[in-house]
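K.L.:
Sharing a structure with you now.
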Amino acid sequence: MKLKSQINDIIKDAFDKAGIKHEPMSVSEATKPEFGDYQFNGAMALSKKLGKNPREIAQNILDALDLTGVLAKAEIAGPGFINLWLNPLWIATQSQSALDDARLGVGVRENPIKVVVDYSGPNMAKQMHVGHLRSTIIGDTLANLLTFLGDEVIRQNHIGDWGTQFGMLIAYLEMKDEDGSLSLKDLEQFYKDAKAQFDANADFADKAREYVVKIQSGDSHCLKLWQRFIDISLGHCEEVYKKLGVNLTRDDVRAESFYNARLPKVIDALDAKGMLAQSDGAQCVFLEGEEIPVIVQKGDGGYLYATTDLAALWYRAEVLGAKRISYVVDARQSEHFKQVFKVAKEAGFVAEDVTLEHIAFGTMMDKGGKPFKTRDGGTVKLIDLLDEAVVKARATIHDKEAYSQEEIDELAKIIGIGAVKYADLAINRESNYIFNWDKMLSFEGNTSLYMQYAYARIQSIFRKHNAPIEGDIIIGDVLEHRLATMLLRFEDVLERAAVDASPHQITTYLYDLVTLFMRFYEQNPILKEGVELETKMSRLHLADLTAKTIKQGLDILGIKVVDKL
RNA sequence: GCACUCGUAGCUCAGCUGGAUAGAGCACCCGCCUUCUAAGCGGGCGGUCUCAGGUUCGAAUCCUGACGGGUGUACCA
């Protein structure tokens, strides 16, 4: 339910009735419970425009305000705040219908669009490290979120499978893998070994260079080796995706090499538009107001990153028909995307009405706030982090006797992986990211476990109750009122998170929701003796809706819940 | 040099299109398990929101400048 816009509509009606010609500003959530549920602060802003004092304006609005349905009470406070209380009966009805709805009252978009979400994008020459975590899970969350809201989402994993380093790698693969059984367990090491061979052995280096040319010219032996290398490397990524619970499959892979055939067309099209200029032997596009040109073809005829991205944009807009294309990539590339987006629009690869956005996220730092360098041996492999998280989660599980070995394994995965993902998704994506192993593997306080724990507690109540839940939701006290209102805000939060592409708004909401539920749970007994039947049923309903909202919210974040913890 | 971005409690972070006494978690101190899962709840300690101006009835939030961290700055991706 779009709660806020419903309240805004009521304010708008009051404006019309009161004869105020201005567009009202949006209501906002009340900052404190004693100020009601929502507040409207627009009277002060209108004071100057209307030449009246704000309390008088507030009074005019208040007199025209419909207090018969959604709202039950409104009060003027301070200089002209209008505090709004939702009608408990209305809240009860609305939360009841949310509970009866498989989507928890969240609407499906009336005008869905096709959205391409480009994320993860690992390099096939290297093993995925912790730096790949953000793109992968933020992108996955965005894709899940938009799918849930009703858009048609096309996931694109733009893997790096092309470039000079592959000549060296396949030459080394050929040398080491005579019987075809090499598993490349450690890609990092393989790369280092290949590089060492390249530096030490001139013949090998020549061969590596020769192989680069041969792959590009379509030599079947080299292409076979290359394909084999990519398959193995992609297999490692898929292992990580599986552990992470990320919804990326081989069908979502649209590799750099996929665009090879389209690269000359990009150059031709830019040329035809008169956008190309030669500079120092390279083909460039000079953009107005930009100091540095976008180089699309090197002096030696080779293509670049920007060329591939232009081809990809073209493909996504024209062939896939996307109306919104979102790149979940490190903030360091913002200049690159700014330029490429501009070129793509100017060249007509992408229509004007298509939204191109760079969902940037901060750089990873070490504990001292210094950049997390890959060269000084500080790189943490993503697979190791995930495994460690699971081991640590297993150690924290209480009374292990209550579970089978398989259940413990499963539980440890759900808790451990959830903690890693949550720790990352819970911080504003734009700020820099301090990589802290301990914090990431922590299970105290504001972590996914807190949500999972609340969910399990509710399931435990249901097990104990072990009977149908009948009757209606009744808003009986302040905590019930606040809890139900919070539950009704779910759609507003999701919409907001989708517009801003910021998963942390979902985590913040879930944390607030669960905190509120924990207080409700402490103070409002459900199954204990002396609770009236009506109250008991109502509270069971509220607990049910809370559990379902937690589950749905975590599901969008790609985090699982368990019935017993 | 120029551009982008960030600067809130000891640490890690929320604070949405400006609104009432700036909020959490961790850490530290104190309470609460014979009653629905104590991986929890309640309370305490802790901040001149980097600084200086400006706009405004009203600024952590918007603008300008300074300082500090980070990033980018043409043939890597």
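Residue numbering restarts at 1 for every chain of the structure tokens, chains are lettered A, B, ... in their displayed order, and ligands are numbered from 1 as they appear.
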Using only C-alpha atoms (C1' of nucleotides), find the residues of chain B whose closest atom to chain A is at most 8 Å away, then write them as an NGL selection string.
P.N.:
:B and (5-6 or 13-14 or 19-20 or 25-26 or 35-37 or 39-41 or 57 or 69-72 or 74-75 or 77)
K.L.:
Among region 102-292 of chain A, which residues does DSSP mark as helix (DSSP H, G or I) when it is run on the backbone? Keep the chain and numbering as in the structure and answer as a compact mmCIF listing (two decimals) with N, CA, C and O atoms, in the first residue's frame.
P.N.:
# COMPACT_ATOMS: atom_id res chain seq x y z
N VAL A 130 37.09 -10.08 -2.36
CA VAL A 130 36.04 -9.37 -1.61
C VAL A 130 35.55 -8.11 -2.30
O VAL A 130 34.43 -7.67 -2.09
N GLY A 131 36.39 -7.54 -3.16
CA GLY A 131 35.98 -6.34 -3.89
C GLY A 131 34.83 -6.59 -4.84
O GLY A 131 34.13 -5.66 -5.24
N HIS A 132 34.60 -7.85 -5.21
CA HIS A 132 33.50 -8.15 -6.12
C HIS A 132 32.17 -8.33 -5.39
O HIS A 132 31.13 -8.46 -6.01
N LEU A 133 32.25 -8.36 -4.08
CA LEU A 133 31.05 -8.65 -3.30
C LEU A 133 29.96 -7.59 -3.51
O LEU A 133 28.80 -7.92 -3.74
N ARG A 134 30.36 -6.34 -3.44
CA ARG A 134 29.37 -5.27 -3.49
C ARG A 134 28.58 -5.25 -4.78
O ARG A 134 27.36 -5.19 -4.77
N SER A 135 29.28 -5.26 -5.90
CA SER A 135 28.58 -5.22 -7.18
C SER A 135 27.61 -6.40 -7.27
O SER A 135 26.45 -6.24 -7.67
N THR A 136 28.09 -7.55 -6.86
CA THR A 136 27.29 -8.76 -6.99
C THR A 136 26.02 -8.71 -6.15
O THR A 136 24.93 -9.00 -6.66
N ILE A 137 26.13 -8.32 -4.90
CA ILE A 137 24.92 -8.38 -4.07
C ILE A 137 24.05 -7.14 -4.15
O ILE A 137 22.84 -7.23 -4.02
N ILE A 138 24.65 -5.99 -4.42
CA ILE A 138 23.81 -4.80 -4.61
C ILE A 138 23.02 -4.97 -5.91
O ILE A 138 21.82 -4.71 -5.97
N GLY A 139 23.70 -5.43 -6.93
CA GLY A 139 23.03 -5.64 -8.22
C GLY A 139 21.94 -6.68 -8.11
O GLY A 139 20.84 -6.52 -8.64
N ASP A 140 22.23 -7.74 -7.41
CA ASP A 140 21.25 -8.81 -7.25
C ASP A 140 20.03 -8.32 -6.49
O ASP A 140 18.89 -8.63 -6.83
N THR A 141 20.29 -7.53 -5.45
CA THR A 141 19.18 -6.96 -4.67
C THR A 141 18.33 -6.05 -5.54
O THR A 141 17.09 -6.13 -5.51
N LEU A 142 18.97 -5.20 -6.31
CA LEU A 142 18.23 -4.29 -7.18
C LEU A 142 17.37 -5.08 -8.18
O LEU A 142 16.20 -4.76 -8.40
N ALA A 143 17.97 -6.11 -8.74
CA ALA A 143 17.24 -6.94 -9.71
C ALA A 143 16.05 -7.64 -9.03
O ALA A 143 14.93 -7.65 -9.55
N ASN A 144 16.28 -8.18 -7.84
CA ASN A 144 15.19 -8.83 -7.09
C ASN A 144 14.08 -7.83 -6.78
O ASN A 144 12.89 -8.13 -6.90
N LEU A 145 14.49 -6.66 -6.34
CA LEU A 145 13.55 -5.63 -5.92
C LEU A 145 12.67 -5.19 -7.08
O LEU A 145 11.44 -5.14 -6.96
N LEU A 146 13.29 -4.88 -8.20
CA LEU A 146 12.52 -4.42 -9.36
C LEU A 146 11.61 -5.52 -9.89
O LEU A 146 10.49 -5.25 -10.33
N THR A 147 12.10 -6.74 -9.84
CA THR A 147 11.27 -7.87 -10.25
C THR A 147 10.03 -7.95 -9.37
O THR A 147 8.91 -8.09 -9.85
N PHE A 148 10.25 -7.82 -8.07
CA PHE A 148 9.13 -7.91 -7.13
C PHE A 148 8.13 -6.79 -7.37
O PHE A 148 6.92 -6.99 -7.30
N LEU A 149 8.62 -5.61 -7.68
CA LEU A 149 7.73 -4.47 -7.89
C LEU A 149 7.02 -4.54 -9.24
O LEU A 149 6.10 -3.78 -9.49
N GLN A 165 45.78 -10.52 -21.67
CA GLN A 165 46.28 -11.49 -20.67
C GLN A 165 45.86 -12.92 -20.97
O GLN A 165 46.46 -13.87 -20.49
N PHE A 166 44.82 -13.08 -21.81
CA PHE A 166 44.36 -14.43 -22.09
C PHE A 166 45.33 -15.21 -23.01
O PHE A 166 45.36 -16.43 -22.97
N GLY A 167 46.11 -14.48 -23.79
CA GLY A 167 47.13 -15.15 -24.60
C GLY A 167 48.11 -15.89 -23.69
O GLY A 167 48.41 -17.07 -23.87
N MET A 168 48.55 -15.19 -22.69
CA MET A 168 49.50 -15.75 -21.72
C MET A 168 48.87 -16.91 -20.95
O MET A 168 49.48 -17.96 -20.76
N LEU A 169 47.62 -16.71 -20.56
CA LEU A 169 46.96 -17.72 -19.73
C LEU A 169 46.71 -19.02 -20.50
O LEU A 169 46.92 -20.11 -19.96
N ILE A 170 46.28 -18.89 -21.74
CA ILE A 170 46.01 -20.15 -22.46
C ILE A 170 47.30 -20.83 -22.90
O ILE A 170 47.36 -22.05 -22.97
N ALA A 171 48.33 -20.04 -23.16
CA ALA A 171 49.63 -20.65 -23.49
C ALA A 171 50.11 -21.46 -22.29
O ALA A 171 50.66 -22.55 -22.42
N TYR A 172 49.89 -20.90 -21.12
CA TYR A 172 50.32 -21.59 -19.90
C TYR A 172 49.42 -22.80 -19.62
O TYR A 172 49.89 -23.84 -19.16
N LEU A 173 48.16 -22.64 -19.91
CA LEU A 173 47.22 -23.75 -19.74
C LEU A 173 47.63 -24.92 -20.63
O LEU A 173 47.66 -26.08 -20.19
N GLU A 174 47.98 -24.61 -21.85
CA GLU A 174 48.39 -25.63 -22.80
C GLU A 174 49.63 -26.37 -22.29
O GLU A 174 49.74 -27.58 -22.38
N MET A 175 50.52 -25.61 -21.72
CA MET A 175 51.78 -26.15 -21.24
C MET A 175 51.59 -27.06 -20.02
O MET A 175 52.19 -28.11 -19.90
N LYS A 176 50.70 -26.63 -19.11
CA LYS A 176 50.53 -27.34 -17.84
C LYS A 176 49.50 -28.46 -17.90
O LYS A 176 49.49 -29.34 -17.05
N LEU A 187 43.11 -19.78 -9.16
CA LEU A 187 43.36 -18.95 -10.35
C LEU A 187 44.43 -17.90 -10.10
O LEU A 187 45.20 -17.57 -10.97
N GLU A 188 44.40 -17.40 -8.89
CA GLU A 188 45.36 -16.36 -8.50
C GLU A 188 46.79 -16.86 -8.69
O GLU A 188 47.63 -16.21 -9.27
N GLN A 189 46.99 -18.06 -8.18
CA GLN A 189 48.31 -18.69 -8.27
C GLN A 189 48.66 -19.00 -9.72
O GLN A 189 49.78 -18.78 -10.17
N PHE A 190 47.67 -19.48 -10.44
CA PHE A 190 47.86 -19.81 -11.85
C PHE A 190 48.31 -18.58 -12.63
O PHE A 190 49.23 -18.63 -13.44
N TYR A 191 47.67 -17.47 -12.33
CA TYR A 191 48.01 -16.22 -13.00
C TYR A 191 49.44 -15.82 -12.68
O TYR A 191 50.21 -15.43 -13.56
N LYS A 192 49.79 -15.94 -11.41
CA LYS A 192 51.15 -15.58 -10.98
C LYS A 192 52.19 -16.46 -11.65
O LYS A 192 53.24 -15.99 -12.11
N ASP A 193 51.89 -17.75 -11.70
CA ASP A 193 52.82 -18.69 -12.32
C ASP A 193 52.99 -18.39 -13.81
O ASP A 193 54.10 -18.43 -14.34
N ALA A 194 51.86 -18.10 -14.45
CA ALA A 194 51.91 -17.80 -15.88
C ALA A 194 52.74 -16.54 -16.13
O ALA A 194 53.55 -16.47 -17.04
N LYS A 195 52.51 -15.56 -15.24
CA LYS A 195 53.24 -14.29 -15.36
C LYS A 195 54.74 -14.52 -15.16
O LYS A 195 55.58 -13.95 -15.88
N ALA A 196 55.07 -15.36 -14.20
CA ALA A 196 56.48 -15.66 -13.92
C ALA A 196 57.12 -16.31 -15.13
O ALA A 196 58.26 -15.98 -15.52
N GLN A 197 56.39 -17.20 -15.72
CA GLN A 197 56.88 -17.90 -16.93
C GLN A 197 57.07 -16.88 -18.06
O GLN A 197 58.06 -16.91 -18.77
N PHE A 198 56.12 -15.99 -18.17
CA PHE A 198 56.14 -14.97 -19.22
C PHE A 198 57.38 -14.08 -19.07
O PHE A 198 58.05 -13.76 -20.04
N ASP A 199 57.68 -13.71 -17.83
CA ASP A 199 58.81 -12.82 -17.58
C ASP A 199 60.15 -13.54 -17.74
O ASP A 199 61.14 -12.93 -18.14
N ALA A 200 60.17 -14.83 -17.42
CA ALA A 200 61.45 -15.54 -17.39
C ALA A 200 61.79 -16.23 -18.71
O ALA A 200 62.95 -16.46 -19.02
N ALA A 202 61.58 -16.26 -22.71
CA ALA A 202 61.33 -15.45 -23.89
C ALA A 202 60.49 -16.19 -24.93
O ALA A 202 59.62 -15.61 -25.57
N ASP A 203 60.76 -17.48 -25.07
CA ASP A 203 59.98 -18.27 -26.03
C ASP A 203 58.52 -18.31 -25.66
O ASP A 203 57.63 -18.19 -26.49
N PHE A 204 58.31 -18.51 -24.36
CA PHE A 204 56.93 -18.54 -23.86
C PHE A 204 56.22 -17.20 -24.08
O PHE A 204 55.07 -17.15 -24.51
N ALA A 205 56.95 -16.14 -23.83
CA ALA A 205 56.38 -14.80 -24.00
C ALA A 205 55.98 -14.57 -25.46
O ALA A 205 54.92 -14.02 -25.75
N ASP A 206 56.83 -15.03 -26.36
CA ASP A 206 56.51 -14.90 -27.78
C ASP A 206 55.25 -15.67 -28.13
O ASP A 206 54.38 -15.18 -28.86
N LYS A 207 55.18 -16.87 -27.57
CA LYS A 207 54.02 -17.70 -27.83
C LYS A 207 52.73 -17.06 -27.29
O LYS A 207 51.70 -17.07 -27.95
N ALA A 208 52.86 -16.49 -26.10
CA ALA A 208 51.72 -15.83 -25.48
C ALA A 208 51.20 -14.71 -26.37
O ALA A 208 50.00 -14.59 -26.61
N ARG A 209 52.13 -13.93 -26.89
CA ARG A 209 51.74 -12.82 -27.76
C ARG A 209 51.12 -13.33 -29.07
O ARG A 209 50.15 -12.78 -29.57
N GLU A 210 51.69 -14.42 -29.55
CA GLU A 210 51.18 -15.03 -30.77
C GLU A 210 49.74 -15.52 -30.54
O GLU A 210 48.86 -15.37 -31.38
N TYR A 211 49.53 -16.09 -29.37
CA TYR A 211 48.20 -16.63 -29.04
C TYR A 211 47.13 -15.53 -28.91
O TYR A 211 45.97 -15.77 -29.21
N VAL A 212 47.56 -14.39 -28.46
CA VAL A 212 46.61 -13.27 -28.36
C VAL A 212 46.05 -12.98 -29.75
O VAL A 212 44.84 -12.88 -29.96
N VAL A 213 46.99 -12.88 -30.71
CA VAL A 213 46.59 -12.59 -32.09
C VAL A 213 45.73 -13.72 -32.64
O VAL A 213 44.72 -13.48 -33.31
N LYS A 214 46.13 -14.94 -32.31
CA LYS A 214 45.42 -16.11 -32.84
C LYS A 214 43.98 -16.21 -32.31
O LYS A 214 43.08 -16.60 -33.04
N ILE A 215 43.79 -15.89 -31.05
CA ILE A 215 42.40 -15.92 -30.53
C ILE A 215 41.58 -14.91 -31.29
O ILE A 215 40.46 -15.19 -31.71
N GLN A 216 42.17 -13.75 -31.46
CA GLN A 216 41.40 -12.67 -32.09
C GLN A 216 41.11 -12.95 -33.56
O GLN A 216 40.11 -12.48 -34.09
N SER A 220 41.25 -21.99 -34.35
CA SER A 220 40.40 -22.91 -33.63
C SER A 220 41.08 -23.56 -32.42
O SER A 220 40.47 -23.76 -31.38
N HIS A 221 42.35 -23.85 -32.54
CA HIS A 221 43.07 -24.45 -31.41
C HIS A 221 43.09 -23.49 -30.23
O HIS A 221 42.77 -23.87 -29.09
N CYS A 222 43.43 -22.26 -30.51
CA CYS A 222 43.51 -21.27 -29.43
C CYS A 222 42.13 -20.95 -28.87
O CYS A 222 41.96 -20.76 -27.66
N LEU A 223 41.15 -20.88 -29.73
CA LEU A 223 39.79 -20.60 -29.25
C LEU A 223 39.30 -21.71 -28.34
O LEU A 223 38.61 -21.47 -27.35
N LYS A 224 39.70 -22.93 -28.67
CA LYS A 224 39.30 -24.08 -27.85
C LYS A 224 39.92 -23.97 -26.46
O LYS A 224 39.24 -24.18 -25.45
N LEU A 225 41.20 -23.65 -26.45
CA LEU A 225 41.89 -23.46 -25.17
C LEU A 225 41.24 -22.33 -24.37
O LEU A 225 41.02 -22.44 -23.17
N TRP A 226 40.98 -21.28 -25.08
CA TRP A 226 40.37 -20.10 -24.43
C TRP A 226 39.01 -20.47 -23.84
O TRP A 226 38.71 -20.16 -22.69
N GLN A 227 38.20 -21.16 -24.64
CA GLN A 227 36.88 -21.55 -24.18
C GLN A 227 36.97 -22.43 -22.94
O GLN A 227 36.20 -22.28 -21.99
N ARG A 228 37.96 -23.31 -22.95
CA ARG A 228 38.14 -24.20 -21.81
C ARG A 228 38.52 -23.41 -20.56
O ARG A 228 37.99 -23.65 -19.48
N PHE A 229 39.38 -22.45 -20.78
CA PHE A 229 39.80 -21.62 -19.65
C PHE A 229 38.60 -20.84 -19.09
O PHE A 229 38.39 -20.79 -17.88
N ILE A 230 37.81 -20.26 -19.98
CA ILE A 230 36.65 -19.47 -19.54
C ILE A 230 35.64 -20.36 -18.80
O ILE A 230 35.12 -19.97 -17.76
N ASP A 231 35.43 -21.55 -19.33
CA ASP A 231 34.49 -22.46 -18.67
C ASP A 231 34.91 -22.77 -17.24
O ASP A 231 34.09 -22.76 -16.33
N ILE A 232 36.19 -23.05 -17.08
CA ILE A 232 36.67 -23.38 -15.73
C ILE A 232 36.53 -22.17 -14.81
O ILE A 232 36.02 -22.28 -13.69
N SER A 233 36.94 -21.03 -15.32
CA SER A 233 36.91 -19.83 -14.50
C SER A 233 35.47 -19.45 -14.14
O SER A 233 35.17 -19.10 -13.00
N LEU A 234 34.60 -19.54 -15.11
CA LEU A 234 33.19 -19.22 -14.87
C LEU A 234 32.59 -20.21 -13.87
O LEU A 234 31.75 -19.84 -13.04
N GLY A 235 33.06 -21.43 -13.94
CA GLY A 235 32.61 -22.44 -12.97
C GLY A 235 32.92 -22.02 -11.54
O GLY A 235 32.10 -22.20 -10.64
N HIS A 236 34.10 -21.41 -11.36
CA HIS A 236 34.46 -20.92 -10.02
C HIS A 236 33.52 -19.81 -9.58
O HIS A 236 33.11 -19.75 -8.42
N CYS A 237 33.18 -18.94 -10.51
CA CYS A 237 32.27 -17.84 -10.18
C CYS A 237 30.90 -18.40 -9.78
O CYS A 237 30.29 -17.93 -8.83
N GLU A 238 30.48 -19.39 -10.53
CA GLU A 238 29.16 -19.96 -10.24
C GLU A 238 29.12 -20.63 -8.88
O GLU A 238 28.09 -20.63 -8.20
N GLU A 239 30.26 -21.15 -8.49
CA GLU A 239 30.36 -21.74 -7.16
C GLU A 239 30.14 -20.66 -6.11
O GLU A 239 29.43 -20.84 -5.12
N VAL A 240 30.75 -19.49 -6.35
CA VAL A 240 30.57 -18.36 -5.44
C VAL A 240 29.12 -17.89 -5.44
O VAL A 240 28.52 -17.65 -4.39
N TYR A 241 28.53 -17.77 -6.62
CA TYR A 241 27.13 -17.31 -6.71
C TYR A 241 26.20 -18.25 -5.96
O TYR A 241 25.27 -17.84 -5.29
N LYS A 242 26.50 -19.51 -6.09
CA LYS A 242 25.65 -20.50 -5.43
C LYS A 242 25.76 -20.35 -3.92
O LYS A 242 24.76 -20.34 -3.21
N LYS A 243 26.99 -20.23 -3.44
CA LYS A 243 27.18 -20.05 -2.00
C LYS A 243 26.53 -18.78 -1.51
O LYS A 243 25.96 -18.72 -0.42
N LEU A 244 26.63 -17.76 -2.33
CA LEU A 244 26.09 -16.45 -1.95
C LEU A 244 24.57 -16.40 -2.06
O LEU A 244 23.94 -15.52 -1.51
N ARG A 250 24.22 -18.92 -16.08
CA ARG A 250 24.99 -18.81 -17.30
C ARG A 250 24.20 -18.07 -18.39
O ARG A 250 24.79 -17.45 -19.26
N ASP A 251 22.87 -18.14 -18.29
CA ASP A 251 22.06 -17.43 -19.26
C ASP A 251 22.19 -15.91 -19.15
O ASP A 251 21.88 -15.18 -20.08
N ASP A 252 22.60 -15.46 -17.97
CA ASP A 252 22.73 -14.02 -17.77
C ASP A 252 24.09 -13.51 -18.23
O ASP A 252 24.33 -12.30 -18.25
N GLU A 256 32.20 -9.83 -22.56
CA GLU A 256 32.84 -8.83 -23.43
C GLU A 256 32.99 -9.35 -24.85
O GLU A 256 32.73 -8.64 -25.82
N SER A 257 33.41 -10.59 -24.97
CA SER A 257 33.67 -11.15 -26.29
C SER A 257 32.41 -11.19 -27.16
O SER A 257 32.49 -11.16 -28.38
N PHE A 258 31.27 -11.24 -26.50
CA PHE A 258 29.99 -11.25 -27.22
C PHE A 258 29.85 -10.03 -28.14
O PHE A 258 29.22 -10.10 -29.18
N TYR A 259 30.47 -8.93 -27.73
CA TYR A 259 30.31 -7.68 -28.47
C TYR A 259 31.38 -7.47 -29.53
O TYR A 259 31.34 -6.47 -30.26
N ASN A 260 32.32 -8.41 -29.63
CA ASN A 260 33.44 -8.24 -30.57
C ASN A 260 33.00 -7.86 -31.98
O ASN A 260 33.51 -6.91 -32.57
N ALA A 261 32.03 -8.62 -32.48
CA ALA A 261 31.60 -8.41 -33.87
C ALA A 261 30.94 -7.05 -34.05
O ALA A 261 30.86 -6.53 -35.16
N ARG A 262 30.47 -6.48 -32.96
CA ARG A 262 29.75 -5.21 -33.06
C ARG A 262 30.67 -4.00 -32.95
O ARG A 262 30.25 -2.86 -33.20
N LEU A 263 31.91 -4.23 -32.55
CA LEU A 263 32.81 -3.10 -32.30
C LEU A 263 33.09 -2.26 -33.55
O LEU A 263 33.02 -1.02 -33.48
N PRO A 264 33.38 -2.89 -34.69
CA PRO A 264 33.62 -2.08 -35.89
C PRO A 264 32.39 -1.24 -36.26
O PRO A 264 32.52 -0.12 -36.74
N LYS A 265 31.20 -1.80 -35.98
CA LYS A 265 29.97 -1.06 -36.30
C LYS A 265 29.84 0.20 -35.44
O LYS A 265 29.30 1.21 -35.89
N VAL A 266 30.31 0.07 -34.20
CA VAL A 266 30.27 1.23 -33.31
C VAL A 266 31.12 2.35 -33.91
O VAL A 266 30.68 3.52 -33.98
N ILE A 267 32.32 1.98 -34.34
CA ILE A 267 33.22 2.97 -34.93
C ILE A 267 32.59 3.58 -36.19
O ILE A 267 32.58 4.80 -36.36
N ASP A 268 32.05 2.71 -37.05
CA ASP A 268 31.44 3.19 -38.29
C ASP A 268 30.29 4.15 -38.00
O ASP A 268 30.16 5.19 -38.65
N ALA A 269 29.46 3.76 -37.03
CA ALA A 269 28.31 4.60 -36.72
C ALA A 269 28.74 5.96 -36.18
O ALA A 269 28.16 6.99 -36.53
N LEU A 270 29.76 5.96 -35.33
CA LEU A 270 30.26 7.22 -34.79
C LEU A 270 30.83 8.08 -35.91
O LEU A 270 30.66 9.30 -35.95
N ASP A 271 31.51 7.40 -36.83
CA ASP A 271 32.12 8.08 -37.97
C ASP A 271 31.02 8.71 -38.84
O ASP A 271 31.11 9.87 -39.23
N ALA A 272 30.00 7.91 -39.09
CA ALA A 272 28.90 8.39 -39.93
C ALA A 272 28.21 9.61 -39.33
O ALA A 272 27.70 10.48 -40.03
K.L.:
Between A:Ile408, A:Ala74, A:Ile91, A:Ala18, which has the minimum distance to Ile57 (chain A) (counting only C-alpha atoms)?
P.N.:
A:Ala18
K.L.:
Could you name the residues that touch G53 (chain B) at 12 Å or less, counting only C-alpha atoms (C1' of nucleotides), but leaving out those on the same chain fewer than 6 positions away, as a list in words?
P.N.:
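Listing them by chain and then by number gives C63, U64, G65 and A66 of chain B.
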K.L.:
Report, in Å with one decimal, the straight-line distance from CA of Asp477 (chain A) to CA of Pro88 (chain A).
P.N.:
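A separation of 9.5 Å between them.
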K.L.:
For CA of Asp399 (chain A) and CA of Arg463 (chain A), determine how far apart the two atoms are, in Å to one decimal place.
P.N.:
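Taking CA of Asp399 (chain A) and CA of Arg463 (chain A), their separation equals 18.9 Å.
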K.L.:
Could you work out how far CA of Leu382 (chain A) lies from C1' of C76 (chain B), giving the answer in Å with one decimal?
P.N.:
23.2 Å
K.L.:
Show me, as number ranges by chain, the residues that have an atom within 8 Å of Leu542 (chain A) when counting only C-alpha atoms (C1' of nucleotides), minus same-chain residues fewer than 5 positions from it.
P.N.:
A: 473, 480, 483-484
K.L.:
Let's have the selection written as a compact mmCIF listing (two decimals), in the first residue's frame, with C-alpha atoms.
P.N.:
# COMPACT_ATOMS: atom_id res chain seq x y z
CA ILE A 473 -6.70 -7.48 13.82
CA GLU A 480 0.23 -2.42 18.17
CA LEU A 483 3.80 -1.95 14.63
CA ALA A 484 0.88 -2.11 12.23
K.L.:
Give me the residues within 9 Å of U8 (chain B) as a list of chain:residue names, counting only C-alpha atoms (C1' of nucleotides) and dropping any in the same chain fewer than 6 places off.
P.N.:
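My reading of the contact set: B:A22, B:G47, B:C49, B:A60.
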K.L.:
Emit the selected residues as a compact mmCIF listing (two decimals), in the first residue's frame, including C-alpha atoms (C1' of nucleotides).
P.N.:
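And here's selection_30.txt as it stands now:
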# COMPACT_ATOMS: atom_id res chain seq x y z
C1' A B 22 20.47 14.72 16.33
C1' G B 47 28.11 14.44 20.01
C1' C B 49 26.95 17.17 13.29
C1' A B 60 23.50 17.85 10.15
K.L.:
List the neighbours of G46 (chain B) out to 12 Å using only C-alpha atoms (C1' of nucleotides); skip same-chain residues closer than 2 positions along the sequence, and give me the result as a list in words.
P.N.:
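Neighbouring residues, sequence-local ones excluded: A9, G10, A27, C28 and G44 of chain B.
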K.L.:
Would you save the residues from that selection as a PDB file, in the first residue's frame, using C-alpha atoms (C1' of nucleotides)?
P.N.:
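selection.pdb written:
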ATOM      1  C1'   A B   9      29.332   9.663  19.827  1.00  0.00           C
ATOM      2  C1'   G B  10      35.803   6.159  21.447  1.00  0.00           C
ATOM      3  C1'   A B  27      32.514  -0.982  23.423  1.00  0.00           C
ATOM      4  C1'   C B  28      31.834   0.402  28.846  1.00  0.00           C
ATOM      5  C1'   G B  44      22.957   4.736  32.009  1.00  0.00           C
TER       6        G B  44
END
K.L.:
Within 12 Å of Asp37 (chain A), counting only C-alpha atoms (C1' of nucleotides), which residues qualify if same-chain residues fewer than 6 places away don't, as number ranges by chain?
P.N.:
A: 3-4, 7, 27-31, 70-75, 82-88, 91, 478, 481-486, 488-489
K.L.:
Would you please work out which residue, of A:Tyr509, A:Tyr422, A:Tyr327, A:Trp90, is nearest to Thr355 (chain A) when using only C-alpha atoms?
P.N.:
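The closest residue to Thr355 (chain A) is A:Tyr327.
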